[in-house]
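*Asks:* Quick one: the structure is below, and I'll ask about it shortly.
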Amino acid sequence: MNWKLICKLEEIPQLGSRVVHWPERGKIAVFRTSDDEVFALHDKCPHKGGPLSQGIVHGKRVTCPLHGWNIGLDDGQAVAPDVGGCKKFEVKVENGLVLIAE
Amino acid sequence: MIETAKVHKHAVVIGGGLLGLEAANGLKLRGMDVTVVHLGPWLLERQLDEVAGKMLQKSLEDKGLKFLLQKQTEMLVKGESGRVAAVRFKDGMTIPADLVVMAAGIRPNYALAEKSGIYCNRGIVVNDTMQTYDPKVYAVGECVTHRGIAYGLVAPLFEQAKVAANHLAGYGIGRYTGSVTSTKLKVTGIDLFSAGDFMGGEGTEEILLNDPYGGVYKKLVIKDNKLVGGVMYGDTADGPWYFQLLKDGRDIHDIRDSLIFGQSLVGDVGHAGNSKAAAMADSAEVCGCNGVTKGTIVKAIKEKGLFTLDEVKKHTKAASSCGSCAGLVEQILASTIGGAYTPAASDSKPMCGCTEHSHAKVRKLINDEHLTSKEAVFAELGWTTPNGCEKCRPAINYYLISTWPHEAKDDAQSRFINERAHANIQKDGTYSVVPRMWGGLTTPAELRAIADAAEKYKVPTVKVTGGQRIDLLGIKKEDLPGIWADLNAAGMVSGHAYGKSIRTVKTCVGAEHCRFGTQLAMDMGVKLEKMLFDMYAPHKVKLAVSGCPRNCAEAGIKDVGVIGVDSGYELYVGGNGFLQLYRLEGWYLERTCHWLERVGLDYVKGKIVEDEDGRKALYAALRKALKDAKDPWATSREAEAIKQFIPIKLEA
Ligand SMILES: Cc1cc2nc3c(=O)[nH]c(=O)nc-3n(C[C@H](O)[C@H](O)[C@H](O)COP(=O)(O)OP(=O)(O)OC[C@H]3O[C@@H](n4cnc5c(N)ncnc54)[C@H](O)[C@@H]3O)c2cc1C
Ligand code: HEM
Ligand code: SF4
Ligand code: FES
């Protein structure tokens, strides 16, 4: 697998996110949890397309800012009773750098 | 029973309690001739007073049921076929019976416990932690006696189970101190509700409304200015509201004169507490934000077995957006599940799914223990999630910074996006920008700068808001710092149109220009808005100042309204220190009107009007909290803060 550099880990706030523009794949939201795990999802809520990158991050979930659906960071799936999912991307942290799978 | 009802005629139900009456009604509907035999002086004597009991009897008699009160059964007489043929009473009277239903009370089966040597007395005796006399054994449910009472409804049992679970999990907090129960009869066409100490007695007062002809009876029992019980017959729409007042122990003296007429006469705020739930048609829309009808809510409650407002919110989305229909949804819940519904006292409802603790408790702890970070709160109160959720985090952040201003650090990641990006997020993910216009005043230069910015950033929509200022809508997040820089350069600052904070101070032209003006409305509006700049609060705060009682600025419907009169100013509601009291005591997302309704106007008057020192201290605390307020549009453009606005661009 080829990995592409996104940014340094410290450039994403804990319990926050950054938006990544990737010409071929659109907008991707990259999240950092309180224990420095990093996840990436298509920045488009399965409900009505809200920007998940702008939501509040808690545990391994993000709450969409538009209507409050909760989306699992590790699987991209809406938390029950809501149903739906969005695309998930592989990311990893190495030597303080965040990398995304091409 | 259903089989018997098909082939036999005479049914006798022994016991005129809730279950007996429901059974009798059911058998009657299936075509039997039903007689209810009851030992007590009136029906449901544990739930109703005499007047309501008699009214109930009358309307059940109108449905065709027969009653024999104060009758003691002596024996069931066996017929030739071997099954029962009649019931005989102590006084010698005999009535025919093909089916006898005994509904003469519950007796828990605690033989197992007793055999094991655990102390029992009409039930397994437990203490406030649900522990039996054997410290290794806990008990909950209908089989226990707690403080001498055995409960036969599910709601108290849920409370008991919560406490027991808490102790079993080793948290060691939480006590069960008994339940005030409410009753609803599930016989259609008959509305009755009772709660608490509805009989009254020594030291209590009663408010009565009795319309035997119209079939309405209400009795409220009051002790020391608090509602302690009530019975309602015929019109029970306000039952849940009274029950909430009772649980809250709210001082009712300021609403006493209209209390009996229900919530709508006391003053209905928004549609937070409409008492129409029971009467609404299934097709009626309850949640206007998400288009959820009453029928959908009732169906979800019944089919999915929902018991709490939170569950209903999650499953139906009703009350999950702006929340203004939450009161109505709660009432639908109450009227659908009846006795199984027990609202917690307002100040003990858990904040969210992460904790058992209430807003009141968390805030008190932050103050008493001098906590200044969310991590400290989570640790101190045993949060069940690693870093809270979207509900508790913003609330805790607000409590921290309002309790310890300049000391607790504001946590951006605990704020809703609007307050993080200092602009309102819109449905397509763009933002709107509203520069402040102090008191609704502007200048040609400001207008020109706004027009220039709108053109430069290709703003698709420019709109005048109800708050007397201009909204620029449809701006991309990465353009925000640029447009702010331009507006800042023209002397404008953030209007906080996005915040749980001071929004606007609306003014009329006042004595500055108006021929009717008695006071300088614009001048006061500008001063108030400048004084309150950057004030965060539990919810949004809007003010208005009018120059005379014609009230062109609509000051009467604001969080704080000022109306100039010849002799000075009239305040609706307000005063020095008022907003600070709200900031310190209103719960997060509770607007001033709901806070006032919860604590009562008298309480606030006592703290502001009647307590000069307290008022001064509150005012001083507000000034201190707001000193050195900076424009967030300027600080958001500083090196570290600006990062969130800049997307990371990957090469193709
Ligand atoms: C007809 C009817 C209508 C009712 N309507 C309402 C209503 O509308 N609203 C309301 O709030 N309440 C209502 N109630 C009351 C409510 O159902 C009870 O209060 C509640 O179910 C009691 O719960 P519990 O868990 O304590 O006991 P139960 O629900 O009786 O559960 C006890 C369980 O323990 C099991 N058990 C017993 N002995 C043993 C043993 N030795 N080992 C293992 N398991 C054992 C039993 O099989 C049973 O499953 C109604 C009750 C009846 C009978
Ligand atoms: C989530 C819900 C809501 C949002 C996001 C929202 C947002 C806004 C915004 C951005 C403004 C412009 C304020 C300004 O100029 O600073 C505004 C104004 C206003 N809103 Fe709302 N609002 C909401 C709910 C409500 C509700 C429920 C009501 C009434 C019950 C209401 C009544 C008003 C009124 C009357 C104004 C004009 C205010 C004034 O004249 O000062 N809003 N709202
Ligand atoms: S409220 Fe009175 S002073 Fe203000 S504009 Fe209206 S009439 Fe004039
Ligand atoms: S778009 Fe995400 S919750 Fe509606």
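For the structure tokens, the naming scheme is as follows: chains receive sequential letters (A, B, ...) according to their order of presentation, residues are indexed from 1 within each chain, and ligands are indexed from 1 in presentation order.
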Could the residues of chain A within 9 Å of chain B, counting only C-alpha atoms, be given as a ChimeraX atom specification, please?

*Replies:* /A:4-7,11-24,34,48-51,54-59,61-63,65-68,80-82

*Asks:* Would you kindly return, as number ranges by chain, each protein, DNA or RNA residue with an atom no farther than 10 Å from any atom of Lys78 in chain B, considering only C-alpha atoms and excluding same-chain residues fewer than 6 positions away?

*Replies:* B: 84-87, 97-98

*Asks:* Would you put the residues from that selection into a file with C-alpha atoms, as a compact mmCIF listing (two decimals), in the first residue's frame?

*Replies:*
# COMPACT_ATOMS: atom_id res chain seq x y z
CA VAL B 84 -69.38 -21.38 40.56
CA ALA B 85 -73.01 -20.31 40.46
CA ALA B 86 -73.31 -17.42 42.92
CA VAL B 87 -71.52 -15.20 45.40
CA ALA B 97 -72.09 -15.57 39.10
CA ASP B 98 -70.64 -17.68 36.27

*Asks:* If you run DSSP over the backbone, which residues in chain A end up helix (DSSP H, G or I)? Put them as a ChimeraX atom specification.

*Replies:* /A:9-11,52-54

*Asks:* Please dump the current selection as an mmCIF file, in the first residue's frame; keep N, CA, C and O atoms.

*Replies:*
data_model
loop_
_atom_site.group_PDB
_atom_site.id
_atom_site.type_symbol
_atom_site.label_atom_id
_atom_site.label_comp_id
_atom_site.auth_asym_id
_atom_site.auth_seq_id
_atom_site.Cartn_x
_atom_site.Cartn_y
_atom_site.Cartn_z
ATOM 1 N N LEU A 9 0.780 15.301 13.178
ATOM 2 C CA LEU A 9 -0.313 14.988 14.093
ATOM 3 C C LEU A 9 -0.753 16.239 14.855
ATOM 4 O O LEU A 9 -1.933 16.508 15.037
ATOM 5 N N GLU A 10 0.251 17.038 15.279
ATOM 6 C CA GLU A 10 -0.075 18.192 16.123
ATOM 7 C C GLU A 10 -0.883 19.255 15.387
ATOM 8 O O GLU A 10 -1.400 20.174 16.004
ATOM 9 N N GLU A 11 -0.966 19.133 14.054
ATOM 10 C CA GLU A 11 -1.761 20.117 13.322
ATOM 11 C C GLU A 11 -3.261 19.809 13.317
ATOM 12 O O GLU A 11 -4.056 20.584 12.813
ATOM 13 N N LEU A 52 -19.129 16.485 8.313
ATOM 14 C CA LEU A 52 -18.809 15.829 9.585
ATOM 15 C C LEU A 52 -17.583 16.434 10.250
ATOM 16 O O LEU A 52 -17.453 16.435 11.463
ATOM 17 N N SER A 53 -16.671 16.985 9.424
ATOM 18 C CA SER A 53 -15.453 17.575 9.975
ATOM 19 C C SER A 53 -15.770 18.695 10.968
ATOM 20 O O SER A 53 -14.944 19.030 11.807
ATOM 21 N N GLN A 54 -16.962 19.261 10.891
ATOM 22 C CA GLN A 54 -17.301 20.388 11.747
ATOM 23 C C GLN A 54 -18.018 19.958 13.029
ATOM 24 O O GLN A 54 -18.437 20.794 13.822
#

*Asks:* Could you check the closest approach to Lys92 in chain A for each of A:Cys64, A:Val38, A:Cys45, A:Ile28 and tell me which residue wins, using only C-alpha atoms?

*Replies:* A:Val38

*Asks:* Need the shell around Leu622 in chain B: protein/DNA/RNA residues with any atom at most 12 Å away, counting only C-alpha atoms. Skip same-chain ones fewer than 3 positions apart. Format as a list of chain:residue names?

*Replies:* B:Ser402, B:Thr403, B:Trp404, B:Pro405, B:Met531, B:Leu532, B:Phe533, B:Asp534, B:Met535, B:Tyr536, B:Ala537, B:Asn576, B:Gly577, B:Phe578, B:Leu579, B:Gln580, B:Leu581, B:Tyr582, B:Arg583, B:Leu584, B:Arg615, B:Lys616, B:Ala617, B:Leu618, B:Tyr619, B:Ala625, B:Leu626, B:Lys627, B:Ala629

*Asks:* Since we have the selection now, will you write its residues out, keeping C-alpha atoms, as an mmCIF file, in the first residue's frame?

*Replies:*
data_model
loop_
_atom_site.group_PDB
_atom_site.id
_atom_site.type_symbol
_atom_site.label_atom_id
_atom_site.label_comp_id
_atom_site.auth_asym_id
_atom_site.auth_seq_id
_atom_site.Cartn_x
_atom_site.Cartn_y
_atom_site.Cartn_z
ATOM 1 C CA SER B 402 -19.150 31.021 33.666
ATOM 2 C CA THR B 403 -18.232 29.852 37.168
ATOM 3 C CA TRP B 404 -14.505 30.552 36.882
ATOM 4 C CA PRO B 405 -14.124 33.356 34.311
ATOM 5 C CA MET B 531 -21.623 46.547 28.200
ATOM 6 C CA LEU B 532 -22.724 42.992 27.395
ATOM 7 C CA PHE B 533 -20.361 42.420 24.459
ATOM 8 C CA ASP B 534 -19.119 38.807 24.255
ATOM 9 C CA MET B 535 -21.355 37.668 27.119
ATOM 10 C CA TYR B 536 -21.915 33.915 26.866
ATOM 11 C CA ALA B 537 -24.999 32.575 28.612
ATOM 12 C CA ASN B 576 -28.765 44.968 37.383
ATOM 13 C CA GLY B 577 -27.506 41.501 38.097
ATOM 14 C CA PHE B 578 -30.482 39.786 36.463
ATOM 15 C CA LEU B 579 -28.499 38.440 33.540
ATOM 16 C CA GLN B 580 -25.672 37.330 35.819
ATOM 17 C CA LEU B 581 -28.131 35.400 37.990
ATOM 18 C CA TYR B 582 -29.403 33.726 34.822
ATOM 19 C CA ARG B 583 -25.846 33.009 33.687
ATOM 20 C CA LEU B 584 -25.067 31.338 37.014
ATOM 21 C CA ARG B 615 -27.708 42.616 43.259
ATOM 22 C CA LYS B 616 -24.568 44.719 43.450
ATOM 23 C CA ALA B 617 -22.393 41.655 43.860
ATOM 24 C CA LEU B 618 -23.977 40.009 40.816
ATOM 25 C CA TYR B 619 -23.520 43.122 38.740
ATOM 26 C CA ALA B 625 -16.383 38.360 33.785
ATOM 27 C CA LEU B 626 -16.725 40.599 30.730
ATOM 28 C CA LYS B 627 -13.676 42.768 31.244
ATOM 29 C CA ALA B 629 -13.579 41.020 26.092
#

*Asks:* Hey, which residues come within 9 Å of ligand 3 if we count only C-alpha atoms and all ligand atoms? Could you give them as an NGL selection string?

*Replies:* :B and (507-521 or 545-554 or 563-564)

*Asks:* Would you export the selected residues with C-alpha atoms as a short mmCIF file (atom, residue, chain, number, x, y, z; two decimals), in the first residue's frame, please?

*Replies:*
data_model
loop_
_atom_site.label_atom_id
_atom_site.label_comp_id
_atom_site.auth_asym_id
_atom_site.auth_seq_id
_atom_site.Cartn_x
_atom_site.Cartn_y
_atom_site.Cartn_z
CA THR B 507 -34.06 49.77 19.71
CA CYS B 508 -36.62 52.20 18.44
CA VAL B 509 -35.54 55.70 17.45
CA GLY B 510 -36.64 56.99 20.85
CA ALA B 511 -36.48 60.53 22.15
CA GLU B 512 -33.55 61.16 19.84
CA HIS B 513 -35.99 61.62 16.94
CA CYS B 514 -39.48 60.45 17.75
CA ARG B 515 -42.16 62.99 18.64
CA PHE B 516 -43.52 60.60 21.30
CA GLY B 517 -40.19 59.62 22.79
CA THR B 518 -39.70 60.03 26.52
CA GLN B 519 -36.24 58.43 26.84
CA LEU B 520 -33.15 58.04 24.67
CA ALA B 521 -33.79 54.51 23.43
CA VAL B 545 -35.28 49.26 24.37
CA SER B 546 -38.30 51.35 23.38
CA GLY B 547 -38.58 55.08 23.94
CA CYS B 548 -42.18 55.11 25.10
CA PRO B 549 -45.03 52.68 25.87
CA ARG B 550 -45.97 52.44 22.18
CA ASN B 551 -43.09 50.02 22.32
CA CYS B 552 -42.04 49.94 18.68
CA ALA B 553 -38.97 47.81 19.58
CA GLU B 554 -41.23 45.06 20.97
CA ILE B 563 -39.54 50.71 27.98
CA GLY B 564 -38.94 54.37 28.58
#

*Asks:* Please report as a tab-separated table every residue of chain B lying within 8 Å of ligand 2, along with the nearest atom pair and their distance in Å (one decimal), using only C-alpha atoms and all ligand atoms.

*Replies:*
residue	atom	partner	partner_atom_place_in_ligand_line	distance
B:Gly270	CA	ligand 2	30 (C)	6.3
B:Ser321	CA	ligand 2	1 (C)	7.1
B:Cys322	CA	ligand 2	1 (C)	5.0
B:Ser324	CA	ligand 2	27 (C)	6.8
B:Asn424	CA	ligand 2	10 (C)	6.9
B:Val434	CA	ligand 2	16 (O)	6.8
B:Arg436	CA	ligand 2	16 (O)	7.9
B:Val464	CA	ligand 2	15 (O)	7.8
B:Thr465	CA	ligand 2	15 (O)	4.7
B:Gly466	CA	ligand 2	37 (C)	3.7
B:Gly467	CA	ligand 2	41 (O)	3.4
B:Gln468	CA	ligand 2	15 (O)	6.1
B:Arg469	CA	ligand 2	15 (O)	5.6
B:Ile470	CA	ligand 2	15 (O)	7.1
B:Asp471	CA	ligand 2	15 (O)	7.2
B:Gly495	CA	ligand 2	16 (O)	6.3
B:His496	CA	ligand 2	16 (O)	6.7
B:Ala497	CA	ligand 2	16 (O)	4.0
B:Tyr498	CA	ligand 2	10 (C)	5.9
B:Arg503	CA	ligand 2	16 (O)	4.9
B:Thr504	CA	ligand 2	16 (O)	5.4
B:Val505	CA	ligand 2	41 (O)	6.7
B:Lys506	CA	ligand 2	41 (O)	5.8
B:Lys542	CA	ligand 2	41 (O)	5.8
B:Leu543	CA	ligand 2	41 (O)	7.2
B:Ala544	CA	ligand 2	41 (O)	7.6
B:Lys558	CA	ligand 2	41 (O)	7.8

*Asks:* Please return as a PyMOL selection string the residues found within 9 Å of ligand 1, counting only C-alpha atoms and all ligand atoms.

*Replies:* chain B and resi 18-20+22-23+106+108-112+140-144+151-158+183-186+337-341

*Asks:* So how far away is CA of Leu400 in chain B from CA of Tyr176 in chain B, in Å?

*Replies:*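 Between CA of Tyr176 in chain B and CA of Leu400 in chain B the gap is 29.7 Å.
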
*Asks:* Looking only at strand (DSSP E) from DSSP on the backbone, list the matching residues of range 117-177 of chain B as a compact mmCIF listing (two decimals) with C-alpha atoms, in the first residue's frame.

*Replies:*
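Written file, states19.txt:
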# COMPACT_ATOMS: atom_id res chain seq x y z
CA ILE B 124 -38.49 -8.25 51.60
CA VAL B 125 -37.34 -5.35 53.73
CA VAL B 126 -34.64 -3.19 52.12
CA VAL B 144 -39.77 -5.50 48.45
CA THR B 145 -40.92 -3.26 51.26
CA HIS B 146 -39.07 0.02 51.34

*Asks:* If we count only C-alpha atoms and set the cut-off at 12 Å, which residues sit around Lys87 in chain A, ignoring sequence neighbours fewer than 5 positions away in its own chain? Please answer as a list in words.

*Replies:*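 What passes the distance filter is Arg25, Gly26, Lys27, Ile28, Ala29, Phe39, Ala40, Leu41, His42, Asp43, Lys44, Cys45, Pro46, Leu52, Ile71, Gly72, Leu73, Asp74, Asp75, Gly76, Gln77 and Ala78 of chain A.
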
*Asks:* Kindly give the distance, in Å, that separates CA of Ile642 in chain B and CA of Trp484 in chain B, rounded to a single decimal.

*Replies:*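 According to the coordinates, CA of Ile642 in chain B and CA of Trp484 in chain B are separated by 11.8 Å.
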
*Asks:* CA of Val163 in chain B and CA of Asp128 in chain B are how many Å apart?

*Replies:* 8.5 Å

*Asks:* For ligand 4, which residue among A:His47, A:Gly96, A:Val83, A:Asn70 is the nearest when counting only C-alpha atoms and all ligand atoms?

*Replies:* A:His47

*Asks:* Please list as a ChimeraX atom specification every residue within 9 Å of Met102 in chain B, counting only C-alpha atoms and excluding residues in the same chain fewer than 2 positions away.

*Replies:* /B:12-15,20,100,104-105

*Asks:* Got a sec: who's within 10 Å of Tyr457 in chain B, counting only C-alpha atoms, leaving out chain neighbours fewer than 2 positions off, as a PyMOL selection string?

*Replies:* chain B and resi 452-455+459-460+474-476+479-480+482-483

*Asks:* Could you save the residues just selected, with N, CA and C atoms, as a PDB file, in the first residue's frame?

*Replies:*
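To be explicit, this is the file written out as selection_21.pdb:
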ATOM      1  N   ASP B 452     -18.994  46.164  -0.102  1.00  0.00           N
ATOM      2  CA  ASP B 452     -17.738  45.782  -0.754  1.00  0.00           C
ATOM      3  C   ASP B 452     -17.391  44.328  -0.445  1.00  0.00           C
ATOM      4  N   ALA B 453     -17.498  43.979   0.839  1.00  0.00           N
ATOM      5  CA  ALA B 453     -17.155  42.609   1.231  1.00  0.00           C
ATOM      6  C   ALA B 453     -18.086  41.621   0.538  1.00  0.00           C
ATOM      7  N   ALA B 454     -19.360  41.970   0.452  1.00  0.00           N
ATOM      8  CA  ALA B 454     -20.334  41.066  -0.173  1.00  0.00           C
ATOM      9  C   ALA B 454     -19.975  40.828  -1.632  1.00  0.00           C
ATOM     10  N   GLU B 455     -19.526  41.876  -2.283  1.00  0.00           N
ATOM     11  CA  GLU B 455     -19.155  41.700  -3.690  1.00  0.00           C
ATOM     12  C   GLU B 455     -17.849  40.924  -3.833  1.00  0.00           C
ATOM     13  N   VAL B 459     -20.997  37.000  -2.106  1.00  0.00           N
ATOM     14  CA  VAL B 459     -22.014  36.539  -1.161  1.00  0.00           C
ATOM     15  C   VAL B 459     -23.355  36.411  -1.887  1.00  0.00           C
ATOM     16  N   PRO B 460     -23.937  35.219  -1.896  1.00  0.00           N
ATOM     17  CA  PRO B 460     -25.159  35.042  -2.697  1.00  0.00           C
ATOM     18  C   PRO B 460     -26.398  35.717  -2.089  1.00  0.00           C
ATOM     19  N   GLY B 474     -24.034  32.316   2.939  1.00  0.00           N
ATOM     20  CA  GLY B 474     -23.483  31.503   1.858  1.00  0.00           C
ATOM     21  C   GLY B 474     -21.983  31.666   1.685  1.00  0.00           C
ATOM     22  N   ILE B 475     -21.267  31.851   2.791  1.00  0.00           N
ATOM     23  CA  ILE B 475     -19.821  32.082   2.705  1.00  0.00           C
ATOM     24  C   ILE B 475     -19.061  30.793   3.030  1.00  0.00           C
ATOM     25  N   LYS B 476     -18.044  30.492   2.237  1.00  0.00           N
ATOM     26  CA  LYS B 476     -17.248  29.288   2.484  1.00  0.00           C
ATOM     27  C   LYS B 476     -16.392  29.477   3.731  1.00  0.00           C
ATOM     28  N   ASP B 479     -13.191  31.321   3.537  1.00  0.00           N
ATOM     29  CA  ASP B 479     -13.251  32.761   3.268  1.00  0.00           C
ATOM     30  C   ASP B 479     -13.553  33.594   4.520  1.00  0.00           C
ATOM     31  N   LEU B 480     -13.926  32.911   5.609  1.00  0.00           N
ATOM     32  CA  LEU B 480     -14.330  33.668   6.797  1.00  0.00           C
ATOM     33  C   LEU B 480     -13.247  34.623   7.300  1.00  0.00           C
ATOM     34  N   GLY B 482     -10.911  36.119   5.837  1.00  0.00           N
ATOM     35  CA  GLY B 482     -10.729  37.244   4.924  1.00  0.00           C
ATOM     36  C   GLY B 482     -11.848  38.272   5.054  1.00  0.00           C
ATOM     37  N   ILE B 483     -13.070  37.808   5.090  1.00  0.00           N
ATOM     38  CA  ILE B 483     -14.198  38.741   5.164  1.00  0.00           C
ATOM     39  C   ILE B 483     -14.191  39.449   6.518  1.00  0.00           C
TER      40      ILE B 483
END

*Asks:* Neighbours of Leu97 in chain A within 6 Å (only C-alpha atoms; same-chain residues fewer than 2 positions away dropped), as number ranges by chain?

*Replies:* A: 8-9, 93-95
